[in-house]
Amino acid sequence: MYQELSIYVDFDDCLCETARVFSSLALRLFGIDVPYEDIRYFNLQRSFALTDKQYERMMIEGHRSEVLLSYDETPGAVDTVNEWIDTGYQVSVITGRPFSAYEASREWLDMHGLKRVKLYCLNKYGRDNFIKGSDFDLEIDDYRRMHFDFAIEDSPSAFPFFEHLKELRVMVYDRPWNRECELPGRNYCRCTDWDMIRRLVR
Ligand SMILES: [Mg+2]
């Protein structure tokens, strides 16, 4: 029987190459050179050994609209997502970006041919990982009422958001900062690229 699948897709470092931009920002702003391959922690403050002030400055710079719009697509992401939507699947982009970044994030999606995906800002990472005083448009309780069959996520910090979905299959987008992390269950699998994700969802 035909069943419409519902798919959760994270934005940064799943749909687009965010960490590479932050790596070059750290170099430009502070002369701190940590290439993408050497980013060991999802927490960039820790990965780049930044002070609180430097971290805040880098996050604000990285969330300016012009900078958000400049992020490169992760190869294969757009085609795969559009193929799913053509098939009738529901695709929701659930980002940990603050709501102040919503408009530019929406524009990035539209510009890259992803007008049909829904976009939600969910406070996934707590107050440590984002600009202080941020707002989000998806409440945790409302998020927990949503159902997903598949999730594509790069951040181990977001794994607790999958605990209530027992049938969910989580595809962890392989990144330098999640390689040492033990995957929490047999429903998790590491994916090296969007081709692999596309094959697994089919
Ligand atoms: Mg991410």
# chains A, B, ... in the order shown; residues from 1 in each chain; ligands from 1
>>> closest_atom_pairs(of="chain A", to="ligand 1", cutoff="6 Å", atoms="only C-alpha atoms and all ligand atoms", output="CSV")
residue,atom,partner,partner_atom_place_in_ligand_line,distance
A:Asp10,CA,ligand 1,1 (Mg),5.4
A:Phe11,CA,ligand 1,1 (Mg),5.6
A:Asp12,CA,ligand 1,1 (Mg),3.9
A:Asp13,CA,ligand 1,1 (Mg),4.8
A:Cys14,CA,ligand 1,1 (Mg),5.9
A:Glu153,CA,ligand 1,1 (Mg),5.9
A:Asp154,CA,ligand 1,1 (Mg),5.0
A:Ser155,CA,ligand 1,1 (Mg),5.5
>>> residues_around(residues="region 93-110 of chain A", least_positions_apart="2", cutoff="9 Å", atoms="only C-alpha atoms", output="PyMOL selection string")
chain A and resi 7-12+63-66+68-71+78+91+112-125+130-131+134-138+158
>>> residues_around(residues="Arg46 (chain A)", least_positions_apart="5", cutoff="12 Å", atoms="only C-alpha atoms", output="short mmCIF file (atom, residue, chain, number, x, y, z; two decimals) with N, CA and C atoms, in the first residue's frame")
data_model
loop_
_atom_site.label_atom_id
_atom_site.label_comp_id
_atom_site.auth_asym_id
_atom_site.auth_seq_id
_atom_site.Cartn_x
_atom_site.Cartn_y
_atom_site.Cartn_z
N VAL A 34 41.50 26.72 11.79
CA VAL A 34 41.08 25.33 12.00
C VAL A 34 40.33 24.90 10.74
N ASP A 38 39.48 19.47 10.47
CA ASP A 38 39.96 19.42 11.86
C ASP A 38 38.91 19.90 12.87
N ILE A 39 37.68 20.17 12.42
CA ILE A 39 36.63 20.58 13.36
C ILE A 39 36.18 19.34 14.13
N ARG A 40 36.59 19.25 15.39
CA ARG A 40 36.37 18.00 16.13
C ARG A 40 35.07 17.98 16.90
N TYR A 41 34.54 19.16 17.22
CA TYR A 41 33.33 19.21 18.04
C TYR A 41 32.24 19.97 17.31
N THR A 51 37.03 32.68 22.72
CA THR A 51 36.47 33.26 23.94
C THR A 51 34.97 33.47 23.71
N ASP A 52 34.22 33.76 24.80
CA ASP A 52 32.78 34.00 24.66
C ASP A 52 32.51 35.14 23.68
N GLN A 54 34.48 36.30 21.23
CA GLN A 54 34.81 35.92 19.84
C GLN A 54 33.71 35.03 19.26
N TYR A 55 33.23 34.10 20.08
CA TYR A 55 32.20 33.18 19.61
C TYR A 55 30.94 33.94 19.23
N ASP A 128 23.46 27.61 24.81
CA ASP A 128 24.92 27.65 24.64
C ASP A 128 25.34 27.79 23.19
N ASN A 129 24.51 27.27 22.30
CA ASN A 129 24.99 27.17 20.94
C ASN A 129 24.55 28.26 19.99
N TRP A 177 33.06 16.28 12.95
CA TRP A 177 32.71 16.44 14.36
C TRP A 177 31.77 15.36 14.87
#
>>> select_by_dssp(residues="region 18-181 of chain A", states="helix (DSSP H, G or I)", output="PDB file with N, CA and C atoms, in the first residue's frame")
ATOM      1  N   THR A  18      27.862  24.678   5.985  1.00  0.00           N
ATOM      2  CA  THR A  18      27.965  25.760   6.956  1.00  0.00           C
ATOM      3  C   THR A  18      29.329  25.824   7.662  1.00  0.00           C
ATOM      4  N   ALA A  19      29.794  24.675   8.128  1.00  0.00           N
ATOM      5  CA  ALA A  19      31.017  24.679   8.939  1.00  0.00           C
ATOM      6  C   ALA A  19      32.215  25.218   8.149  1.00  0.00           C
ATOM      7  N   ARG A  20      32.206  24.994   6.850  1.00  0.00           N
ATOM      8  CA  ARG A  20      33.315  25.512   6.026  1.00  0.00           C
ATOM      9  C   ARG A  20      33.331  27.038   6.067  1.00  0.00           C
ATOM     10  N   VAL A  21      32.141  27.632   6.090  1.00  0.00           N
ATOM     11  CA  VAL A  21      32.057  29.094   6.169  1.00  0.00           C
ATOM     12  C   VAL A  21      32.566  29.578   7.532  1.00  0.00           C
ATOM     13  N   PHE A  22      32.165  28.886   8.614  1.00  0.00           N
ATOM     14  CA  PHE A  22      32.625  29.294   9.950  1.00  0.00           C
ATOM     15  C   PHE A  22      34.131  29.105  10.100  1.00  0.00           C
ATOM     16  N   SER A  23      34.674  28.085   9.448  1.00  0.00           N
ATOM     17  CA  SER A  23      36.116  27.888   9.485  1.00  0.00           C
ATOM     18  C   SER A  23      36.828  29.086   8.854  1.00  0.00           C
ATOM     19  N   SER A  24      36.321  29.569   7.729  1.00  0.00           N
ATOM     20  CA  SER A  24      36.971  30.727   7.109  1.00  0.00           C
ATOM     21  C   SER A  24      36.689  32.027   7.877  1.00  0.00           C
ATOM     22  N   LEU A  25      35.520  32.094   8.552  1.00  0.00           N
ATOM     23  CA  LEU A  25      35.227  33.266   9.384  1.00  0.00           C
ATOM     24  C   LEU A  25      36.207  33.365  10.560  1.00  0.00           C
ATOM     25  N   ALA A  26      36.483  32.228  11.194  1.00  0.00           N
ATOM     26  CA  ALA A  26      37.404  32.226  12.347  1.00  0.00           C
ATOM     27  C   ALA A  26      38.789  32.701  11.911  1.00  0.00           C
ATOM     28  N   LEU A  27      39.173  32.300  10.709  1.00  0.00           N
ATOM     29  CA  LEU A  27      40.472  32.727  10.194  1.00  0.00           C
ATOM     30  C   LEU A  27      40.475  34.227   9.896  1.00  0.00           C
ATOM     31  N   ARG A  28      39.415  34.684   9.230  1.00  0.00           N
ATOM     32  CA  ARG A  28      39.348  36.088   8.841  1.00  0.00           C
ATOM     33  C   ARG A  28      39.201  37.022  10.047  1.00  0.00           C
ATOM     34  N   LEU A  29      38.330  36.634  10.994  1.00  0.00           N
ATOM     35  CA  LEU A  29      38.050  37.531  12.126  1.00  0.00           C
ATOM     36  C   LEU A  29      39.145  37.493  13.189  1.00  0.00           C
ATOM     37  N   PHE A  30      39.683  36.288  13.447  1.00  0.00           N
ATOM     38  CA  PHE A  30      40.576  36.151  14.613  1.00  0.00           C
ATOM     39  C   PHE A  30      41.938  35.549  14.267  1.00  0.00           C
ATOM     40  N   TYR A  36      38.244  22.789   7.948  1.00  0.00           N
ATOM     41  CA  TYR A  36      37.036  21.956   8.079  1.00  0.00           C
ATOM     42  C   TYR A  36      37.337  20.559   8.617  1.00  0.00           C
ATOM     43  N   GLU A  37      38.312  19.897   8.047  1.00  0.00           N
ATOM     44  CA  GLU A  37      38.612  18.506   8.424  1.00  0.00           C
ATOM     45  C   GLU A  37      39.031  18.374   9.888  1.00  0.00           C
ATOM     46  N   ASP A  38      39.478  19.470  10.469  1.00  0.00           N
ATOM     47  CA  ASP A  38      39.955  19.422  11.857  1.00  0.00           C
ATOM     48  C   ASP A  38      38.913  19.898  12.870  1.00  0.00           C
ATOM     49  N   LEU A  44      31.305  24.891  18.040  1.00  0.00           N
ATOM     50  CA  LEU A  44      32.390  25.568  17.322  1.00  0.00           C
ATOM     51  C   LEU A  44      33.261  26.413  18.253  1.00  0.00           C
ATOM     52  N   GLN A  45      32.681  26.866  19.342  1.00  0.00           N
ATOM     53  CA  GLN A  45      33.484  27.628  20.305  1.00  0.00           C
ATOM     54  C   GLN A  45      34.625  26.741  20.818  1.00  0.00           C
ATOM     55  N   ARG A  46      34.278  25.506  21.080  1.00  0.00           N
ATOM     56  CA  ARG A  46      35.273  24.547  21.562  1.00  0.00           C
ATOM     57  C   ARG A  46      36.233  24.143  20.430  1.00  0.00           C
ATOM     58  N   SER A  47      35.693  23.876  19.256  1.00  0.00           N
ATOM     59  CA  SER A  47      36.532  23.467  18.127  1.00  0.00           C
ATOM     60  C   SER A  47      37.568  24.522  17.758  1.00  0.00           C
ATOM     61  N   PHE A  48      37.162  25.798  17.837  1.00  0.00           N
ATOM     62  CA  PHE A  48      38.067  26.872  17.420  1.00  0.00           C
ATOM     63  C   PHE A  48      38.759  27.524  18.620  1.00  0.00           C
ATOM     64  N   ASP A  52      34.223  33.757  24.802  1.00  0.00           N
ATOM     65  CA  ASP A  52      32.785  34.000  24.659  1.00  0.00           C
ATOM     66  C   ASP A  52      32.514  35.142  23.675  1.00  0.00           C
ATOM     67  N   LYS A  53      33.329  36.189  23.787  1.00  0.00           N
ATOM     68  CA  LYS A  53      33.147  37.366  22.934  1.00  0.00           C
ATOM     69  C   LYS A  53      33.405  37.039  21.463  1.00  0.00           C
ATOM     70  N   GLN A  54      34.479  36.305  21.225  1.00  0.00           N
ATOM     71  CA  GLN A  54      34.811  35.917  19.837  1.00  0.00           C
ATOM     72  C   GLN A  54      33.714  35.030  19.257  1.00  0.00           C
ATOM     73  N   TYR A  55      33.233  34.104  20.076  1.00  0.00           N
ATOM     74  CA  TYR A  55      32.204  33.180  19.608  1.00  0.00           C
ATOM     75  C   TYR A  55      30.937  33.936  19.232  1.00  0.00           C
ATOM     76  N   GLU A  56      30.547  34.850  20.109  1.00  0.00           N
ATOM     77  CA  GLU A  56      29.343  35.635  19.853  1.00  0.00           C
ATOM     78  C   GLU A  56      29.493  36.433  18.561  1.00  0.00           C
ATOM     79  N   ARG A  57      30.661  37.032  18.396  1.00  0.00           N
ATOM     80  CA  ARG A  57      30.898  37.835  17.195  1.00  0.00           C
ATOM     81  C   ARG A  57      30.837  36.956  15.935  1.00  0.00           C
ATOM     82  N   MET A  58      31.425  35.778  16.020  1.00  0.00           N
ATOM     83  CA  MET A  58      31.424  34.880  14.866  1.00  0.00           C
ATOM     84  C   MET A  58      30.008  34.405  14.535  1.00  0.00           C
ATOM     85  N   MET A  59      29.199  34.100  15.563  1.00  0.00           N
ATOM     86  CA  MET A  59      27.840  33.639  15.310  1.00  0.00           C
ATOM     87  C   MET A  59      26.990  34.746  14.682  1.00  0.00           C
ATOM     88  N   ILE A  60      27.177  35.970  15.170  1.00  0.00           N
ATOM     89  CA  ILE A  60      26.410  37.077  14.609  1.00  0.00           C
ATOM     90  C   ILE A  60      26.806  37.303  13.145  1.00  0.00           C
ATOM     91  N   GLU A  61      28.097  37.276  12.893  1.00  0.00           N
ATOM     92  CA  GLU A  61      28.595  37.447  11.517  1.00  0.00           C
ATOM     93  C   GLU A  61      28.064  36.322  10.603  1.00  0.00           C
ATOM     94  N   GLY A  62      28.121  35.089  11.103  1.00  0.00           N
ATOM     95  CA  GLY A  62      27.706  33.930  10.304  1.00  0.00           C
ATOM     96  C   GLY A  62      26.211  33.883  10.038  1.00  0.00           C
ATOM     97  N   SER A  65      22.309  37.975   6.846  1.00  0.00           N
ATOM     98  CA  SER A  65      21.617  37.436   5.668  1.00  0.00           C
ATOM     99  C   SER A  65      22.560  37.169   4.495  1.00  0.00           C
ATOM    100  N   GLU A  66      23.433  38.115   4.204  1.00  0.00           N
ATOM    101  CA  GLU A  66      24.339  37.934   3.054  1.00  0.00           C
ATOM    102  C   GLU A  66      25.203  36.700   3.237  1.00  0.00           C
ATOM    103  N   VAL A  67      25.614  36.468   4.476  1.00  0.00           N
ATOM    104  CA  VAL A  67      26.483  35.312   4.731  1.00  0.00           C
ATOM    105  C   VAL A  67      25.666  34.025   4.628  1.00  0.00           C
ATOM    106  N   LEU A  68      24.464  34.018   5.223  1.00  0.00           N
ATOM    107  CA  LEU A  68      23.602  32.827   5.146  1.00  0.00           C
ATOM    108  C   LEU A  68      23.286  32.465   3.690  1.00  0.00           C
ATOM    109  N   LEU A  69      23.068  33.490   2.890  1.00  0.00           N
ATOM    110  CA  LEU A  69      22.705  33.243   1.494  1.00  0.00           C
ATOM    111  C   LEU A  69      23.883  32.731   0.669  1.00  0.00           C
ATOM    112  N   ALA A  77      21.832  17.393  -2.408  1.00  0.00           N
ATOM    113  CA  ALA A  77      20.755  17.614  -1.447  1.00  0.00           C
ATOM    114  C   ALA A  77      19.462  18.064  -2.139  1.00  0.00           C
ATOM    115  N   VAL A  78      19.565  19.076  -2.968  1.00  0.00           N
ATOM    116  CA  VAL A  78      18.360  19.661  -3.577  1.00  0.00           C
ATOM    117  C   VAL A  78      17.650  18.653  -4.486  1.00  0.00           C
ATOM    118  N   ASP A  79      18.406  17.955  -5.326  1.00  0.00           N
ATOM    119  CA  ASP A  79      17.787  16.985  -6.235  1.00  0.00           C
ATOM    120  C   ASP A  79      17.080  15.875  -5.464  1.00  0.00           C
ATOM    121  N   THR A  80      17.722  15.418  -4.400  1.00  0.00           N
ATOM    122  CA  THR A  80      17.135  14.325  -3.621  1.00  0.00           C
ATOM    123  C   THR A  80      15.838  14.785  -2.955  1.00  0.00           C
ATOM    124  N   VAL A  81      15.883  15.945  -2.325  1.00  0.00           N
ATOM    125  CA  VAL A  81      14.696  16.449  -1.633  1.00  0.00           C
ATOM    126  C   VAL A  81      13.554  16.665  -2.630  1.00  0.00           C
ATOM    127  N   ASN A  82      13.864  17.221  -3.778  1.00  0.00           N
ATOM    128  CA  ASN A  82      12.809  17.441  -4.781  1.00  0.00           C
ATOM    129  C   ASN A  82      12.238  16.127  -5.319  1.00  0.00           C
ATOM    130  N   GLU A  83      13.108  15.129  -5.440  1.00  0.00           N
ATOM    131  CA  GLU A  83      12.637  13.811  -5.866  1.00  0.00           C
ATOM    132  C   GLU A  83      11.643  13.250  -4.837  1.00  0.00           C
ATOM    133  N   TRP A  84      11.941  13.425  -3.565  1.00  0.00           N
ATOM    134  CA  TRP A  84      11.025  12.952  -2.510  1.00  0.00           C
ATOM    135  C   TRP A  84       9.689  13.684  -2.601  1.00  0.00           C
ATOM    136  N   ILE A  85       9.746  14.996  -2.781  1.00  0.00           N
ATOM    137  CA  ILE A  85       8.491  15.763  -2.837  1.00  0.00           C
ATOM    138  C   ILE A  85       7.679  15.349  -4.062  1.00  0.00           C
ATOM    139  N   ASP A  86       8.369  15.117  -5.205  1.00  0.00           N
ATOM    140  CA  ASP A  86       7.680  14.646  -6.406  1.00  0.00           C
ATOM    141  C   ASP A  86       6.997  13.304  -6.159  1.00  0.00           C
ATOM    142  N   THR A  87       7.607  12.486  -5.303  1.00  0.00           N
ATOM    143  CA  THR A  87       7.047  11.176  -4.980  1.00  0.00           C
ATOM    144  C   THR A  87       5.843  11.300  -4.044  1.00  0.00           C
ATOM    145  N   PHE A  99      15.040  32.192  14.925  1.00  0.00           N
ATOM    146  CA  PHE A  99      14.008  32.710  14.036  1.00  0.00           C
ATOM    147  C   PHE A  99      14.466  33.988  13.315  1.00  0.00           C
ATOM    148  N   SER A 100      15.395  34.718  13.906  1.00  0.00           N
ATOM    149  CA  SER A 100      15.932  35.916  13.231  1.00  0.00           C
ATOM    150  C   SER A 100      16.591  35.554  11.897  1.00  0.00           C
ATOM    151  N   ALA A 101      16.948  34.286  11.735  1.00  0.00           N
ATOM    152  CA  ALA A 101      17.568  33.849  10.479  1.00  0.00           C
ATOM    153  C   ALA A 101      16.543  33.226   9.534  1.00  0.00           C
ATOM    154  N   TYR A 102      15.264  33.240   9.937  1.00  0.00           N
ATOM    155  CA  TYR A 102      14.236  32.540   9.159  1.00  0.00           C
ATOM    156  C   TYR A 102      14.152  33.057   7.721  1.00  0.00           C
ATOM    157  N   GLU A 103      14.027  34.369   7.601  1.00  0.00           N
ATOM    158  CA  GLU A 103      13.798  34.947   6.274  1.00  0.00           C
ATOM    159  C   GLU A 103      14.919  34.617   5.291  1.00  0.00           C
ATOM    160  N   ALA A 104      16.146  34.789   5.738  1.00  0.00           N
ATOM    161  CA  ALA A 104      17.289  34.489   4.862  1.00  0.00           C
ATOM    162  C   ALA A 104      17.375  32.986   4.582  1.00  0.00           C
ATOM    163  N   SER A 105      16.991  32.193   5.565  1.00  0.00           N
ATOM    164  CA  SER A 105      17.028  30.736   5.385  1.00  0.00           C
ATOM    165  C   SER A 105      15.973  30.308   4.355  1.00  0.00           C
ATOM    166  N   ARG A 106      14.785  30.928   4.474  1.00  0.00           N
ATOM    167  CA  ARG A 106      13.708  30.668   3.513  1.00  0.00           C
ATOM    168  C   ARG A 106      14.145  31.068   2.099  1.00  0.00           C
ATOM    169  N   GLU A 107      14.823  32.217   2.044  1.00  0.00           N
ATOM    170  CA  GLU A 107      15.293  32.709   0.746  1.00  0.00           C
ATOM    171  C   GLU A 107      16.328  31.761   0.137  1.00  0.00           C
ATOM    172  N   TRP A 108      17.207  31.245   0.986  1.00  0.00           N
ATOM    173  CA  TRP A 108      18.221  30.284   0.496  1.00  0.00           C
ATOM    174  C   TRP A 108      17.511  29.070  -0.121  1.00  0.00           C
ATOM    175  N   LEU A 109      16.508  28.554   0.589  1.00  0.00           N
ATOM    176  CA  LEU A 109      15.776  27.384   0.092  1.00  0.00           C
ATOM    177  C   LEU A 109      15.097  27.698  -1.239  1.00  0.00           C
ATOM    178  N   ASP A 110      14.405  28.840  -1.289  1.00  0.00           N
ATOM    179  CA  ASP A 110      13.677  29.220  -2.501  1.00  0.00           C
ATOM    180  C   ASP A 110      14.635  29.381  -3.681  1.00  0.00           C
ATOM    181  N   MET A 111      15.758  30.036  -3.405  1.00  0.00           N
ATOM    182  CA  MET A 111      16.787  30.305  -4.420  1.00  0.00           C
ATOM    183  C   MET A 111      17.382  29.013  -4.979  1.00  0.00           C
ATOM    184  N   ARG A 127      20.776  27.323  24.992  1.00  0.00           N
ATOM    185  CA  ARG A 127      21.262  28.689  24.857  1.00  0.00           C
ATOM    186  C   ARG A 127      22.764  28.750  24.594  1.00  0.00           C
ATOM    187  N   ASP A 128      23.464  27.614  24.813  1.00  0.00           N
ATOM    188  CA  ASP A 128      24.917  27.652  24.635  1.00  0.00           C
ATOM    189  C   ASP A 128      25.345  27.792  23.189  1.00  0.00           C
ATOM    190  N   ASN A 129      24.510  27.270  22.302  1.00  0.00           N
ATOM    191  CA  ASN A 129      24.991  27.169  20.935  1.00  0.00           C
ATOM    192  C   ASN A 129      24.545  28.263  19.993  1.00  0.00           C
ATOM    193  N   ILE A 140       8.890  23.076  21.427  1.00  0.00           N
ATOM    194  CA  ILE A 140       9.281  21.674  21.623  1.00  0.00           C
ATOM    195  C   ILE A 140       8.049  20.762  21.661  1.00  0.00           C
ATOM    196  N   ASP A 141       6.997  21.186  22.371  1.00  0.00           N
ATOM    197  CA  ASP A 141       5.788  20.356  22.478  1.00  0.00           C
ATOM    198  C   ASP A 141       5.141  20.139  21.119  1.00  0.00           C
ATOM    199  N   ASP A 142       5.111  21.193  20.312  1.00  0.00           N
ATOM    200  CA  ASP A 142       4.538  21.058  18.967  1.00  0.00           C
ATOM    201  C   ASP A 142       5.421  20.158  18.100  1.00  0.00           C
ATOM    202  N   TYR A 143       6.726  20.321  18.262  1.00  0.00           N
ATOM    203  CA  TYR A 143       7.648  19.443  17.521  1.00  0.00           C
ATOM    204  C   TYR A 143       7.378  17.977  17.863  1.00  0.00           C
ATOM    205  N   ARG A 144       7.185  17.706  19.157  1.00  0.00           N
ATOM    206  CA  ARG A 144       7.003  16.316  19.589  1.00  0.00           C
ATOM    207  C   ARG A 144       5.704  15.705  19.069  1.00  0.00           C
ATOM    208  N   PRO A 156      25.222  15.353  16.875  1.00  0.00           N
ATOM    209  CA  PRO A 156      24.871  14.475  18.002  1.00  0.00           C
ATOM    210  C   PRO A 156      24.033  15.209  19.059  1.00  0.00           C
ATOM    211  N   SER A 157      24.171  16.535  19.145  1.00  0.00           N
ATOM    212  CA  SER A 157      23.374  17.293  20.126  1.00  0.00           C
ATOM    213  C   SER A 157      21.879  17.252  19.810  1.00  0.00           C
ATOM    214  N   ALA A 158      21.538  16.911  18.576  1.00  0.00           N
ATOM    215  CA  ALA A 158      20.124  16.858  18.201  1.00  0.00           C
ATOM    216  C   ALA A 158      19.522  15.465  18.386  1.00  0.00           C
ATOM    217  N   PHE A 159      20.336  14.470  18.685  1.00  0.00           N
ATOM    218  CA  PHE A 159      19.809  13.102  18.801  1.00  0.00           C
ATOM    219  C   PHE A 159      18.694  12.960  19.847  1.00  0.00           C
ATOM    220  N   PRO A 160      18.757  13.702  20.977  1.00  0.00           N
ATOM    221  CA  PRO A 160      17.653  13.581  21.950  1.00  0.00           C
ATOM    222  C   PRO A 160      16.285  13.931  21.341  1.00  0.00           C
ATOM    223  N   PHE A 161      16.271  14.678  20.267  1.00  0.00           N
ATOM    224  CA  PHE A 161      15.004  15.043  19.630  1.00  0.00           C
ATOM    225  C   PHE A 161      14.390  13.885  18.843  1.00  0.00           C
ATOM    226  N   PHE A 162      15.075  12.756  18.822  1.00  0.00           N
ATOM    227  CA  PHE A 162      14.548  11.599  18.092  1.00  0.00           C
ATOM    228  C   PHE A 162      14.088  10.481  19.030  1.00  0.00           C
ATOM    229  N   PRO A 176      33.314  15.646  10.204  1.00  0.00           N
ATOM    230  CA  PRO A 176      34.449  15.423  11.109  1.00  0.00           C
ATOM    231  C   PRO A 176      34.062  15.462  12.585  1.00  0.00           C
ATOM    232  N   TRP A 177      33.064  16.282  12.945  1.00  0.00           N
ATOM    233  CA  TRP A 177      32.709  16.445  14.361  1.00  0.00           C
ATOM    234  C   TRP A 177      31.769  15.360  14.873  1.00  0.00           C
ATOM    235  N   ASN A 178      31.303  14.447  14.013  1.00  0.00           N
ATOM    236  CA  ASN A 178      30.452  13.382  14.565  1.00  0.00           C
ATOM    237  C   ASN A 178      31.087  11.998  14.401  1.00  0.00           C
TER     238      ASN A 178
END
>>> select_by_dssp(residues="region 7-201 of chain A", states="strand (DSSP E or B)", output="PyMOL selection string")
chain A and resi 7-9+12+16+73+90-95+118-122+138+150-153+169-173+188-191
>>> write_last_selection(atoms="N, CA and C atoms", output="JSON list (two decimals), in the first residue's frame")
[["chain", "number", "residue", "atom", "x", "y", "z"],
["A", 7, "ILE", "N", 9.66, 13.24, 6.27],
["A", 7, "ILE", "CA", 11.12, 13.28, 6.43],
["A", 7, "ILE", "C", 11.56, 14.59, 7.07],
["A", 8, "TYR", "N", 12.39, 14.45, 8.10],
["A", 8, "TYR", "CA", 13.00, 15.57, 8.80],
["A", 8, "TYR", "C", 14.36, 15.80, 8.17],
["A", 9, "VAL", "N", 14.65, 17.03, 7.78],
["A", 9, "VAL", "CA", 15.98, 17.34, 7.24],
["A", 9, "VAL", "C", 16.54, 18.52, 8.01],
["A", 12, "ASP", "N", 21.85, 23.08, 8.44],
["A", 12, "ASP", "CA", 23.30, 23.31, 8.37],
["A", 12, "ASP", "C", 24.10, 22.01, 8.35],
["A", 16, "CYS", "N", 23.46, 22.35, 3.40],
["A", 16, "CYS", "CA", 24.48, 23.31, 2.96],
["A", 16, "CYS", "C", 25.74, 23.19, 3.81],
["A", 73, "GLU", "N", 25.43, 24.70, -1.47],
["A", 73, "GLU", "CA", 24.61, 23.49, -1.30],
["A", 73, "GLU", "C", 25.51, 22.27, -1.09],
["A", 90, "GLN", "N", 6.46, 14.13, 2.49],
["A", 90, "GLN", "CA", 6.49, 15.41, 3.19],
["A", 90, "GLN", "C", 7.93, 15.68, 3.64],
["A", 91, "VAL", "N", 8.46, 16.82, 3.30],
["A", 91, "VAL", "CA", 9.81, 17.15, 3.77],
["A", 91, "VAL", "C", 9.76, 18.42, 4.61],
["A", 92, "SER", "N", 10.23, 18.31, 5.86],
["A", 92, "SER", "CA", 10.29, 19.47, 6.74],
["A", 92, "SER", "C", 11.74, 19.74, 7.12],
["A", 93, "VAL", "N", 12.17, 20.95, 6.87],
["A", 93, "VAL", "CA", 13.51, 21.34, 7.32],
["A", 93, "VAL", "C", 13.35, 21.87, 8.74],
["A", 94, "ILE", "N", 13.98, 21.18, 9.67],
["A", 94, "ILE", "CA", 13.93, 21.57, 11.08],
["A", 94, "ILE", "C", 15.32, 22.06, 11.45],
["A", 95, "THR", "N", 15.45, 23.36, 11.54],
["A", 95, "THR", "CA", 16.77, 23.93, 11.79],
["A", 95, "THR", "C", 16.91, 24.43, 13.22],
["A", 118, "LYS", "N", 8.88, 22.75, 3.90],
["A", 118, "LYS", "CA", 8.50, 23.58, 5.04],
["A", 118, "LYS", "C", 9.76, 23.85, 5.85],
["A", 119, "LEU", "N", 9.77, 25.00, 6.52],
["A", 119, "LEU", "CA", 10.94, 25.37, 7.33],
["A", 119, "LEU", "C", 10.50, 25.74, 8.73],
["A", 120, "TYR", "N", 11.14, 25.14, 9.73],
["A", 120, "TYR", "CA", 10.85, 25.46, 11.13],
["A", 120, "TYR", "C", 12.15, 25.72, 11.87],
["A", 121, "CYS", "N", 12.11, 26.70, 12.79],
["A", 121, "CYS", "CA", 13.25, 26.95, 13.68],
["A", 121, "CYS", "C", 12.92, 26.37, 15.06],
["A", 122, "LEU", "N", 13.74, 25.41, 15.48],
["A", 122, "LEU", "CA", 13.53, 24.71, 16.75],
["A", 122, "LEU", "C", 14.78, 24.90, 17.61],
["A", 138, "LEU", "N", 9.12, 27.09, 16.39],
["A", 138, "LEU", "CA", 8.53, 25.78, 16.66],
["A", 138, "LEU", "C", 8.78, 25.42, 18.12],
["A", 150, "PHE", "N", 11.89, 9.32, 8.61],
["A", 150, "PHE", "CA", 13.33, 9.42, 8.41],
["A", 150, "PHE", "C", 13.80, 10.78, 8.91],
["A", 151, "ALA", "N", 15.06, 10.81, 9.37],
["A", 151, "ALA", "CA", 15.66, 12.09, 9.74],
["A", 151, "ALA", "C", 17.09, 12.15, 9.20],
["A", 152, "ILE", "N", 17.45, 13.30, 8.69],
["A", 152, "ILE", "CA", 18.83, 13.52, 8.24],
["A", 152, "ILE", "C", 19.40, 14.62, 9.12],
["A", 153, "GLU", "N", 20.45, 14.29, 9.85],
["A", 153, "GLU", "CA", 20.98, 15.20, 10.87],
["A", 153, "GLU", "C", 22.49, 14.97, 11.01],
["A", 169, "ARG", "N", 14.09, 6.22, 11.36],
["A", 169, "ARG", "CA", 15.45, 5.87, 10.91],
["A", 169, "ARG", "C", 16.23, 7.16, 10.75],
["A", 170, "VAL", "N", 17.35, 7.24, 11.45],
["A", 170, "VAL", "CA", 18.14, 8.46, 11.46],
["A", 170, "VAL", "C", 19.38, 8.27, 10.60],
["A", 171, "MET", "N", 19.54, 9.15, 9.62],
["A", 171, "MET", "CA", 20.73, 9.12, 8.79],
["A", 171, "MET", "C", 21.64, 10.25, 9.22],
["A", 172, "VAL", "N", 22.77, 9.86, 9.78],
["A", 172, "VAL", "CA", 23.71, 10.83, 10.32],
["A", 172, "VAL", "C", 24.66, 11.24, 9.20],
["A", 173, "TYR", "N", 24.57, 12.51, 8.83],
["A", 173, "TYR", "CA", 25.44, 12.97, 7.74],
["A", 173, "TYR", "C", 26.89, 13.01, 8.25],
["A", 188, "TYR", "N", 20.05, 4.09, 13.69],
["A", 188, "TYR", "CA", 20.92, 5.17, 13.20],
["A", 188, "TYR", "C", 21.89, 4.60, 12.18],
["A", 189, "CYS", "N", 22.18, 5.35, 11.12],
["A", 189, "CYS", "CA", 23.24, 4.92, 10.24],
["A", 189, "CYS", "C", 23.99, 6.12, 9.68],
["A", 190, "ARG", "N", 25.29, 5.94, 9.53],
["A", 190, "ARG", "CA", 26.14, 7.02, 9.05],
["A", 190, "ARG", "C", 26.09, 7.08, 7.53],
["A", 191, "CYS", "N", 25.87, 8.25, 6.98],
["A", 191, "CYS", "CA", 25.79, 8.39, 5.53],
["A", 191, "CYS", "C", 26.86, 9.36, 5.04]]
>>> atom_distance(atom1="CA of Ile32 (chain A)", atom2="CA of Glu17 (chain A)")
19.1 Å
